[in-house]
Structure formats: C-alpha cells, structure tokens
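First up is the structure itself, then whatever we jot down about it.
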Amino acid sequence: MKSTFKFLVTLAFIITIILGQHLKDVEIEVKVNDLLHQMTFAEKVGQMTQFSGTNKRYEQMIREGKIGSLLNVIGAEENNRLQKIAVEESRLGIPLVIGLDVIHGYRTIFPIPLAASASWDTVLIRKAAEIAAKEAASAGIHWTFAPMVDIARDARWGRIAEGAGEDPFLGSAMARAQVLGFQGKSLADPLTLLACGKHFVAYGGAEGGRDYNTVDISERTLREIYLPLFKAAVDAGVGTLMSAFNEIGGVPASANQFTLQTILKGEWGFDGFVVSDWNSIGELVAHGIAKDRLEAGVKGLTAGVDMDMEGRCYTIDMEALVADGTLSEELINDAVRRILRIKFKLGLFEHPYIDESIQKELILHQDHIQTALELARESIVLLKNKRDILPLNRKELNTIALIGPLADDKDAPLGTWRCQGKQEDVVTVYEGLKNKLGDEVKIIYAKGCDVKNNSRTEFNKAIKVVRKADIVVMVMGESADMSGEAASRADLSLPGVQAELLNAIAETNKPVVLVLMNGRPLTLSNVESKVTAIVEAWHLGIQHGNAVADVLVGDYNPSGKLTATFPRSVGQIPIYYNHKNSGRPNNPSDKFTSKYIDLPSSPLYPFGYGLSYTKFKYSDIKVLNNRLLSSDELVVSVNVKNVGKRDGDEVVQLYIRDMVGSVTRPVKELKGFQRVALEAGEQKTVQFRVPVQELRFYDSDMKYTVEPGDFSVMIGGNSVEGLTANFKVISLK
Ligand code: BGC
C-alpha cells in the first residue's frame with residue numbers, strides 16, 4: 001500500500017515536471033514566433049551571422065541587428081558591454097549568444113580530451129566539463145564549441161587530440177558525459193554553457209590524416225562509426241552542432257542535405273541549431289560547388305546550416321533570391337526560429353548579463369584544481385614496466401637524472417585549445433617531482449635537446465648528468481602546437497633529435513623511464529626496447545607535473561587505458577581494433593593473407609591497453625541466459641581479482657562479436673566498460689547488462705536491426721586479452 005502511494009506520488013511529480021517543461025516549451029514557441037513576425041529580412045539573416053572578436057563596425061552592426069552571435073570575446077566586462085548594445089540599442093533587443101572554444105577547461109586546464117578519455121571515467125569527465133562551464137560562464141561566455149565527437153582512426157590527424165579516440169561506444173559515453181557536464185540541469189542556469197557537438201560529420205576520416213582533406217566513406221561506416229557519437233550528444237540534449245570542413249563522397253559537410261536535413265533534423269528530430277565551422281560555407285567555393293559566396297550561402301542554408309561562422313555568406317542579398325523564388329523564406333525562418341529558441345532556453349532575454357563579481361571566486365577555485373589533478377592522474381597510461389622498475393623506490397634512490405625538452409616545460413601541458421590557460425598555473429614534471437621528493441632524493445635536470453630542432457650541442461651535458469644518477473627519467477614528445485587543428489604529421493616518431501638523445505643515454509646502461517607528452521599515438525618501435533618503462537602522460541593540463549610525480553613514486557597507481565591504437569609504424573595506419581576480418585585474415589605462416597611482409601599486423605599497443613602497478617586476474621566468465629530475444633538483455637559476469645600487492649583500479653572492458661551477418665561485422669566491438677576499484681587481494685564479480693538492441697547494425701538492406709545468430713562475448717583488461725563465452729540471439733518466428 002505504502003509503496004503504491006509512493007509510486008503514485010513519484011508519478012505525479014514526474015508528470016508535473018514533464019507538463020511544466022512542455023508548457024515552458026510552448027511558451028517559448030509563442031515568443032519565438034511573435035519575435036520572428038516583427039523581424040525584417042536583414043534582422044533575420046543578422047541572427048544567422050556570427051563574427052569573431054569585435055570592433056566599432058561590428059558594434060554598429062549589432063546595433064542594427066545584423067549580428068546575432070560573437071565568438072572569441074574575452075572577459076565578463078567586455079561581453080556585458082557588447083550584450084548591452086544588442087539588448088538596449090538594437091530595435092528588437094535580441095541578445096547575442098557568445099561562444100568560445102572551451103575545450104578542456106577555461107582557466108583551470110584539464111587534460112586534453114584524448115588523454116581524459118583514457119580515464120574511461122565518465123563521472124569525472126562530466127565534472128570537468130561542469131567546472132569548465134562555470135568558469136567560462138562567469139566570464140560572460142554562453143556557448144562552447146565542444147565536445148568534439150569525431151572518431152579518429154588515423155593518428156596522423158592532429159585533431160585526434162581533441163576527441164575520445166577511435167571507438168563509437170566509448171566516444172558516445174564521453175559525448176554524453178560532456179554535454180551533460182557543460183549544459184547542466186538547465187541551460188537557463190547562468191553558470192552552464194550551451195554545448196556544440198562537432199564537427200558534423202566524418203571530419204576525422206580525412207584521407208592521409210591530412211586536416212581538412214577529402215572523406216570518402218560508405219553510408220554504413222558513416223552511420224555505424226561516425227554518427228553514433230553525434231546521436232548520443234543529441235539524445236543528451238546538446239543544443240547545437242557544428243557542420244564540418246570536409247566533404248563526404250563529393251558533398252561538403254556544410255552543404256550536405258543528406259546528413260543535415262535527412263538524418264539530423266529529419267530522422268533524429270534535432271530542434272537545436274547548426275553553426276558552420278569557421279568559413280566552412282565560404283569554402284564551398286574552393287570545394288568547387290559554388291561560384292561565389294552568395295551561392296555558397298544558398299547551399300549552406302538549404303542543407304540546414306542555421307548560423308554562418310565568419311563566412312559572410314548569409315547576407316541581405318539573399319532577399320532578391322527569396323523574391324524571385326530561388327530560395328524559400330521558410331528556410332530562413334526555420335533557421336532563425338532555431339536560434340531564437342536556444343536564446344530563450346538560455347534565459348538570455350530575462351538575464352542577458354553576467355554578474356561580473358563571480359569570476360573572481362570561481363576561476364582556479366581550489367576544488368577545480370583538485371579535479372584537474374584527479375583527472376590528470378586517471379588519464380596517465382602505463383605502457384611498459386619491465387622488472388617493475390616503477391614506482392620509483394624513493395628509499396633506495398639517491399639521485400634521479402631528469403632529462404628532456406619537456407621535463408620543465410610550462411607550455412606543452414596546456415595542450416591544444418588551452419583557452420584562458422596560463423603557463424604560470426602549470427606544474428611541470430620537474431616541479432612535480434621536487435614537490436613530492438623534496439630533499440629526500442636528489443634530482444639533477446638537463447634539457448638535452450629541443451623538441452623540434454636538430455641541435456645536439458646539449459647531449460654531452462645530459463649524458464654527464466646521467467652518469468651521476470641511479471636512474472633516468474626522460475620527458476619527451478610533442479610540443480602543444482604539434483597536435484590539434486592544422487597539425488597533421490606524416491612521421492609519428494619522437495620529433496627532432498629526441499630519439500637520438502634517448503639512444504645515447506640508453507648506452508650508459510642506466511635504467512631509463514620514458515615519460516611521454518603528446519597529443520596523439522606515437523610510433524615508438526625504435527625507442528621501446530631501449531627503455532625500461534614508458535609512462536604515457538599526454539598533455540595533462542595545469543596539474544601535469546603533480547599527476548606524473550604521483551604516478552612515478554607510486555602515490556597513485558596508474559589505471560588509464562588507451563582509447564586509440566598505437567601503431568608500430570605509420571605504414572599501418574589506419575589501424576583500429578574494431579576492423580573487419582577480411583576473406584584472408586592475417587596468418588603469419590601463410591603469405592597469401594592480409595598482412596605486411598615487413599611488419600606484424602598487430603599494433604605496438606592495442607586499444608584498451610594499459611598496465612597497473614598491480615595485476616588483475618580474470619576468471620569465471622558466465623552468461624546468465626545464452627538464448628536471447630532481440631528485446632532481452634545479455635547479462636554476463638566475470639570475476640576480477642587483484643592478485644598483486646597494491647590497491648588499484650581496473651577498467652574492465654566487454655567486447656562482442658557477431659559471428660555471421662548479412663553483411664560483414666567487425667572482429668569485435670566494445671559494448672560495455674566499468675572502472676572497478678580493487679584492494680590488494682580483493683576479488684569482485686563484475687556484471688554487465690547489454691541490451692540486445694545495442695547489437696544492431698545496418699543490414700544488407702540498410703535496415704538498423706539485430707540479426708538472429710551466434711555471438712561471442714569477451715571480457716578483459718584490453719581489446720586483445722580476455723575471457724570469452726558465447727550466446728545466441730533467437731527469433732520468435
Ligand atoms: C575549428 C573549430 C572551432 C572554430 C572556432 C575552427 O577552425 O575547426 O573546431 O570551434 O574554429 O574557433
């Protein structure tokens with residue numbers, strides 16, 4: 001009785017919330033339409049226009065209702081000042097929506113997204129996005145151009161740094177976490193940000209990994225690999241998406257009616273708005289599908305790009321095209337409605353200004369720095385640890401030689417898109433180790449060489465330092481500008497003469513711990529065998545050095561797992577774990593199978609891989625019910641035991657293979673993961689529930705379905721090793 005009452009009260013509560021939301025939505029639609037009716041053509045295209053920065057001319061345009069959005073304006077005071085012009089001096093007083101690339105923090109800089117994804121910790125990633133939103137919003141920003149939800153299967157592409165790697169399932173979880181983090185419970189909360197899933201779509205599929213390059217993929221790959229992350233963002237309520245620079249099979253993404261109208265706004269019913277990437281509509285001219293900006297504008301608009309970022313293609317000249325029937329005004333009205341709807345949802349009409357006093361207490365708040373440290377630690381991936389050389393034995397060590405161009409570098413940890421991050425906030429590895437070890441262990445530092453230039457003049461000094469030490473810690477990799485936008489690389493080995501320095505130091509026969517800092521998977525085959533341990537530390541943000549020091553001395557037991565495959569050589573790219581089998585799967589003893597004659601087909605480090613200072617043993621995989629209907633859930637469990645001497649976290653991963661389909665299926669696909677904390681000696685039973693619907697794919701008729709048949713499920717600590725079991729999906733027919 002009591003529980004029925006409780007249930008009814010809860011139901012009534014939920015209905016009230018849904019009704020309340022519905023009423024609010026209806027109210028917003030009325031306001032949007034009311035405003036739209038009062039707008040001139042120029043004011044409409046004004047709402048669809050976004051410019052970067054400001055000047056007197058832009059201010060006049062805001063006054064005339066010819067700019068609806070700005071990006072890259074910094075500071076609460078400046079943002080309020082410009083907003084005041086829009087609200088108090090323009091005819092209709094429509095507020096601006098102000099955007100900025102708040103990618104991995106505003107001033108408190110977190111690990112770059114690729115690094116953060118290696119934590120597989122959606123809770124912490126959501127918290128980091130929440131903090132980034134708070135800090136940015138307190139500086140008058142309403143909108144971030146994040147998360148980047150592009151799949152990247154090619155480490156040459158510099159923007160792999162900005163996303164969650166190669167997997168659609170993990171990427172979708174990260175997309176959801178970030179959207180929920182940025183947007184919070186309500187967009188109207190002044191300390192949240194409107195999020196933007198980018199770059200729609202398939203931008204990471206660039207041929208040769210060269211930024212902005214041609215993409216040519218099948219509709220199946222588009223739908224199964226690239227689109228799911230955007231769908232996850234849309235389902236999580238993302239308010240905006242950004243249309244990409246690339247073409248997809250002949251049609252540029254910013255003029256693509258199929259992806260924008262048919263899929264996004266049609267199939268998915270997306271009611272937010274789409275902003276172009278920087279001049280991506282203008283670039284339709286260079287793509288060769290428009291003769292001038294006006295035609296480019298018509299193509300972008302017709303495809304469903306609602307706001308033009310810095311393209312100057314949505315112009316008053318379009319009015320003539322509407323008058324002669326070339327362009328439908330309804331398209332323009334739809335775009336304006338979408339933009340106004342979001343502005344109302346953001347509460348900008350009621351509260352256009354930010355309280356300038358709150359930034360002081362929020363920016364770099366101690367709790368934010370603590371979260372940055374936690375996420376930085378969890379992002380670190382231990383790639384190699386021969387003879388358990390790590391953690392460093394601080395009781396027995398007298399002297400550490402700290403070598404390398406990034407060991408005391410305050411810039412690289414900020415990574416690409418560092419927003420308002422400042423070098424003065426950064427803790428380097430050198431500082432982190434000194435903070436940790438004080439006078440207990442002597443640290444002698446020598447830079448040895450630069451990241452990029454080829455000077456060897458400092459080699460000898462570094463070697464001399466090494467001779468005085470018990471162990472060498474080398475901090476090497478890429479500077480911040482070597483990944484991110486327009487930073488594709490053809491060679492993924494350590495840049496400059498770093499590998500040479502490493503070889504010279506290895507010849508001293510001192511044990512070498514290599515700490516890597518980079519924005520992408522590197523090819524490490526030529527250095528891997530020379531070092532005793534490898535710590536993948538990426539660009540970890542302002543707490544970089546403290547997090548690395550915690551791992552090096554064992555105050556934190558590393559738990560990160562790779563989210564992008566590390567190839568042995570650039571020649572293996574694209575390389576990703578969820579590949580197809582082919583008709584001649586790799587067989588080392590049969591020449592006529594799919595492989596290279598000069599290199600194994602396997603990667604150096606696979607997706608999902610990462611070591612710990614303890615060991616985890618998997619046993620007893622059990623499938624609860626191995627005959628499932630498509631409406632069922634697969635329930636599968638495994639025992640995971642910490643068989644080492646230290647407490648640690650393990651990211652337990654579940655992969656599924658559909659054995660026979662009407663079209664070929666990947667050799668495995670991630671369908672579940674859990675981060676599990678285990679004390680030394682402790683065992684836990686980890687259970688996964690995977691809805692059979694999660695196994696859908698596009699069949700030979702492009703129908704999204706689960707086909708009955710045999711499946712195998714593997715659970716383990718990476719994408720290669722694990723325990724397997726089988727199950728069947730049956731049909732009732
Ligand atoms: C990038 C986007 C970014 C935009 C605005 C473009 O060059 O591709 O990711 O959001 O600039 O800064």
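How things are named: the first chain in the structure tokens is A, the next is B, and so on; residues count from 1 in each chain; ligands count from 1 in the order shown.
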Subject >> Surrounding residues of range 677-689 of chain A excluding itself and chain neighbours under 5 positions, 10 Å, only C-alpha atoms, as a ChimeraX atom specification >> reply: /A:559,614-623,632-654,671-672,715
**OP:** as a ChimeraX atom specification, list the residues of range 114-326 of chain A assigned to strand (DSSP E or B) by DSSP on the backbone atoms of this structure.
**Re:** /A:143-144,148,194,196-200,215,240-243,247-248,251-252,273-276,307-309
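In this model, the gap between CA of Leu516 in chain A and atom 1 (C, counted along the ligand's line) of ligand 1 comes to 26.2 Å.
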With a cut-off of 6 Å, could you pull out the residues of chain A touching ligand 1 and give me the nearest pair of atoms for each, distance in Å to one decimal, using only C-alpha atoms and all ligand atoms, ordered by chain and ascending number, as a tab-separated table?
```
residue	atom	partner	partner_atom_place_in_ligand_line	distance
A:Asp101	CA	ligand 1	10 (O)	5.6
A:Phe145	CA	ligand 1	10 (O)	4.9
A:Asp277	CA	ligand 1	6 (C)	5.6
A:Trp278	CA	ligand 1	6 (C)	4.9
```
What would the file look like if the residues just selected were written as a PDB file, in the first residue's frame with C-alpha atoms?
```pdb
ATOM      1  CA  ASP A 101      36.299  27.134 -27.695  1.00  0.00           C
ATOM      2  CA  PHE A 145      32.311  24.720 -29.314  1.00  0.00           C
ATOM      3  CA  ASP A 277      32.706  25.753 -38.886  1.00  0.00           C
ATOM      4  CA  TRP A 278      34.896  28.814 -39.451  1.00  0.00           C
TER       5      TRP A 278
END
```
**OP:** Give me every helix (DSSP H, G or I) residue in range 13-156 of chain A, going by DSSP on the backbone, as a ChimeraX atom specification.
**Re:** /A:13-38,41-47,56-63,76-89,113-117,122-138
Subject >> Computed interatomic separation between CA of Glu361 in chain A and CA of Ala128 in chain A (Å) >> reply: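 CA of Ala128 in chain A lies at a distance of 17.2 Å from CA of Glu361 in chain A.
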Original post:
Of the candidates A:Thr108, A:Asn256, A:Thr724, A:Ser379, which one gets nearest to Leu301 in chain A if we count only C-alpha atoms?
Top reply: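 Checking each candidate against Leu301 in chain A, we get A:Asn256 as the closest.
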Subject >> A:Asp425, A:Asp590, A:Glu247, A:Glu89 ranked by distance to Leu284 in chain A, top pick (using only C-alpha atoms) >> reply: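 Among A:Asp425, A:Asp590, A:Glu247, A:Glu89, it is A:Glu247 that comes nearest to Leu284 in chain A.
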**OP:** Would you work out the distance separating CA of Glu162 in chain A from CA of Ile534 in chain A, expressed in Å to one decimal?
**Re:**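 Between CA of Glu162 in chain A and CA of Ile534 in chain A the gap works out to 22.7 Å.
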Original post:
So which residues touch range 389-403 of chain A within 9 Å, counting only C-alpha atoms, skipping near sequence neighbours fewer than 6 positions away, as a VMD selection string?
Top reply: chain A and resid 430 437 440 to 449 462 465 to 476 511 513 532 to 533 551 to 555 557 613
**OP:** Excluding Gln693 in chain A and residues on its chain fewer than 6 positions from it, collect all residues at most 12 Å away from it, counting only C-alpha atoms, and give them as a PyMOL selection string.
**Re:** chain A and resi 628-634+671+704-708+729
Restricted to all heavy atoms, what would the selected residues look like written as a CSV table (one decimal), in the first residue's frame?
```csv
chain,number,residue,atom,x,y,z
A,628,LEU,N,18.8,-15.4,-26.4
A,628,LEU,CA,18.1,-14.2,-26.1
A,628,LEU,C,17.3,-13.7,-27.3
A,628,LEU,O,17.6,-13.9,-28.4
A,628,LEU,CB,19.2,-13.1,-25.9
A,628,LEU,CG,20.2,-13.3,-24.7
A,628,LEU,CD1,21.4,-12.4,-24.9
A,628,LEU,CD2,19.5,-13.1,-23.4
A,629,LEU,N,16.2,-13.0,-26.9
A,629,LEU,CA,15.3,-12.4,-27.9
A,629,LEU,C,15.9,-11.0,-28.1
A,629,LEU,O,16.6,-10.4,-27.3
A,629,LEU,CB,13.9,-12.3,-27.4
A,629,LEU,CG,13.2,-13.6,-27.2
A,629,LEU,CD1,11.8,-13.4,-26.5
A,629,LEU,CD2,12.9,-14.2,-28.6
A,630,SER,N,15.5,-10.4,-29.2
A,630,SER,CA,16.1,-9.1,-29.5
A,630,SER,C,15.6,-8.0,-28.5
A,630,SER,O,16.2,-7.0,-28.4
A,630,SER,CB,15.8,-8.6,-31.0
A,630,SER,OG,14.4,-8.5,-31.1
A,631,SER,N,14.6,-8.3,-27.8
A,631,SER,CA,14.1,-7.4,-26.7
A,631,SER,C,14.8,-7.6,-25.4
A,631,SER,O,14.6,-6.9,-24.4
A,631,SER,CB,12.6,-7.5,-26.6
A,631,SER,OG,12.3,-8.9,-26.4
A,632,ASP,N,15.6,-8.7,-25.3
A,632,ASP,CA,16.3,-9.0,-24.0
A,632,ASP,C,17.5,-8.2,-23.7
A,632,ASP,O,18.0,-7.4,-24.5
A,632,ASP,CB,16.6,-10.5,-24.0
A,632,ASP,CG,15.4,-11.4,-23.9
A,632,ASP,OD1,14.4,-10.9,-23.4
A,632,ASP,OD2,15.5,-12.6,-24.2
A,633,GLU,N,18.1,-8.6,-22.6
A,633,GLU,CA,19.4,-8.0,-22.2
A,633,GLU,C,20.3,-9.2,-22.0
A,633,GLU,O,20.0,-10.2,-21.3
A,633,GLU,CB,19.2,-7.3,-20.8
A,633,GLU,CG,19.5,-5.9,-20.8
A,633,GLU,CD,19.2,-5.3,-19.4
A,633,GLU,OE1,19.0,-6.0,-18.4
A,633,GLU,OE2,19.2,-4.1,-19.3
A,634,LEU,N,21.5,-9.0,-22.5
A,634,LEU,CA,22.6,-10.0,-22.2
A,634,LEU,C,23.1,-9.7,-20.8
A,634,LEU,O,23.5,-8.6,-20.5
A,634,LEU,CB,23.7,-9.9,-23.2
A,634,LEU,CG,25.0,-10.6,-22.9
A,634,LEU,CD1,24.8,-12.1,-23.1
A,634,LEU,CD2,26.1,-10.1,-23.8
A,671,LYS,N,31.2,-2.9,-26.1
A,671,LYS,CA,29.8,-2.7,-25.7
A,671,LYS,C,29.5,-2.5,-24.2
A,671,LYS,O,28.4,-2.5,-23.8
A,671,LYS,CB,28.9,-3.9,-26.2
A,671,LYS,CG,28.9,-4.1,-27.7
A,671,LYS,CD,28.1,-2.9,-28.4
A,671,LYS,CE,28.1,-3.0,-29.9
A,671,LYS,NZ,27.6,-1.8,-30.6
A,704,TYR,N,18.3,-1.0,-39.7
A,704,TYR,CA,19.0,-1.0,-38.5
A,704,TYR,C,18.4,-2.1,-37.6
A,704,TYR,O,17.3,-1.9,-37.1
A,704,TYR,CB,18.9,0.4,-37.8
A,704,TYR,CG,19.8,0.6,-36.7
A,704,TYR,CD1,21.2,0.3,-36.8
A,704,TYR,CD2,19.4,1.2,-35.5
A,704,TYR,CE1,22.1,0.5,-35.8
A,704,TYR,CE2,20.3,1.5,-34.5
A,704,TYR,CZ,21.6,1.1,-34.6
A,704,TYR,OH,22.5,1.4,-33.6
A,705,THR,N,19.1,-3.2,-37.5
A,705,THR,CA,18.5,-4.3,-36.8
A,705,THR,C,19.5,-5.3,-36.2
A,705,THR,O,20.7,-5.2,-36.4
A,705,THR,CB,17.7,-5.1,-37.9
A,705,THR,OG1,17.0,-6.2,-37.3
A,705,THR,CG2,18.6,-5.7,-39.0
A,706,VAL,N,19.0,-6.2,-35.3
A,706,VAL,CA,19.8,-7.3,-34.8
A,706,VAL,C,19.4,-8.5,-35.6
A,706,VAL,O,18.2,-8.8,-35.7
A,706,VAL,CB,19.5,-7.6,-33.3
A,706,VAL,CG1,20.5,-8.5,-32.7
A,706,VAL,CG2,19.4,-6.3,-32.5
A,707,GLU,N,20.4,-9.2,-36.1
A,707,GLU,CA,20.1,-10.4,-36.8
A,707,GLU,C,20.3,-11.6,-35.9
A,707,GLU,O,21.3,-11.7,-35.2
A,707,GLU,CB,21.0,-10.6,-38.0
A,707,GLU,CG,20.7,-9.6,-39.1
A,707,GLU,CD,21.7,-9.7,-40.3
A,707,GLU,OE1,22.7,-10.3,-40.2
A,707,GLU,OE2,21.3,-9.2,-41.4
A,708,PRO,N,19.3,-12.5,-35.8
A,708,PRO,CA,19.5,-13.7,-35.0
A,708,PRO,C,20.7,-14.5,-35.4
A,708,PRO,O,21.1,-14.4,-36.6
A,708,PRO,CB,18.2,-14.5,-35.3
A,708,PRO,CG,17.3,-13.6,-36.0
A,708,PRO,CD,18.1,-12.6,-36.6
A,729,VAL,N,21.3,-15.1,-30.4
A,729,VAL,CA,20.1,-14.3,-30.4
A,729,VAL,C,19.1,-15.1,-31.3
A,729,VAL,O,19.5,-15.5,-32.4
A,729,VAL,CB,20.3,-12.9,-31.0
A,729,VAL,CG1,19.0,-12.1,-31.3
A,729,VAL,CG2,21.2,-12.1,-30.1
```
Original post:
Contacts of Ser186 in chain A at 12 Å or less, counting only C-alpha atoms, minus same-chain residues fewer than 2 places along, as a PyMOL selection string?
Top reply: chain A and resi 21+179-184+188-195+237-239+342+344-347
Original post:
Counting only C-alpha atoms, what is within 8 Å of Arg107 in chain A, bar same-chain residues fewer than 3 positions away, as a VMD selection string?
Top reply: chain A and resid 132 135 363 to 364 419 to 422
Subject >> Given only C-alpha atoms as the counted atoms, nearest of A:Gly297, A:Pro111, A:Gly53, A:Pro603 to Asn72 in chain A >> reply: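 Using only C-alpha atoms, Asn72 in chain A sits closest to A:Gly53.
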Subject >> Spatial neighbours of Asp598 in chain A, 12 Å, only C-alpha atoms, chain gap at least 4 places, as a PyMOL selection string >> reply: chain A and resi 568-569+571-572+588+591
Those same residues, written as a PDB file, in the first residue's frame with N, CA, C and O atoms?
```pdb
ATOM      1  N   ARG A 568      52.784   0.351 -34.878  1.00  0.00           N
ATOM      2  CA  ARG A 568      54.234   0.151 -34.871  1.00  0.00           C
ATOM      3  C   ARG A 568      54.901   1.117 -35.838  1.00  0.00           C
ATOM      4  O   ARG A 568      56.027   1.557 -35.637  1.00  0.00           O
ATOM      5  N   SER A 569      54.145   1.401 -36.910  1.00  0.00           N
ATOM      6  CA  SER A 569      54.714   2.238 -37.961  1.00  0.00           C
ATOM      7  C   SER A 569      53.574   2.995 -38.629  1.00  0.00           C
ATOM      8  O   SER A 569      52.424   2.520 -38.651  1.00  0.00           O
ATOM      9  N   GLY A 571      53.059   3.223 -41.581  1.00  0.00           N
ATOM     10  CA  GLY A 571      52.555   2.413 -42.685  1.00  0.00           C
ATOM     11  C   GLY A 571      51.357   1.549 -42.333  1.00  0.00           C
ATOM     12  O   GLY A 571      50.645   1.082 -43.209  1.00  0.00           O
ATOM     13  N   GLN A 572      51.111   1.324 -41.043  1.00  0.00           N
ATOM     14  CA  GLN A 572      49.950   0.502 -40.648  1.00  0.00           C
ATOM     15  C   GLN A 572      48.648   1.302 -40.585  1.00  0.00           C
ATOM     16  O   GLN A 572      47.574   0.724 -40.421  1.00  0.00           O
ATOM     17  N   PRO A 588      50.345 -15.451 -39.879  1.00  0.00           N
ATOM     18  CA  PRO A 588      51.780 -15.232 -40.082  1.00  0.00           C
ATOM     19  C   PRO A 588      52.444 -16.337 -40.900  1.00  0.00           C
ATOM     20  O   PRO A 588      53.449 -16.103 -41.572  1.00  0.00           O
ATOM     21  N   LYS A 591      51.637 -16.726 -46.475  1.00  0.00           N
ATOM     22  CA  LYS A 591      51.960 -15.468 -47.154  1.00  0.00           C
ATOM     23  C   LYS A 591      50.726 -14.791 -47.746  1.00  0.00           C
ATOM     24  O   LYS A 591      50.605 -13.562 -47.721  1.00  0.00           O
TER      25      LYS A 591
END
```
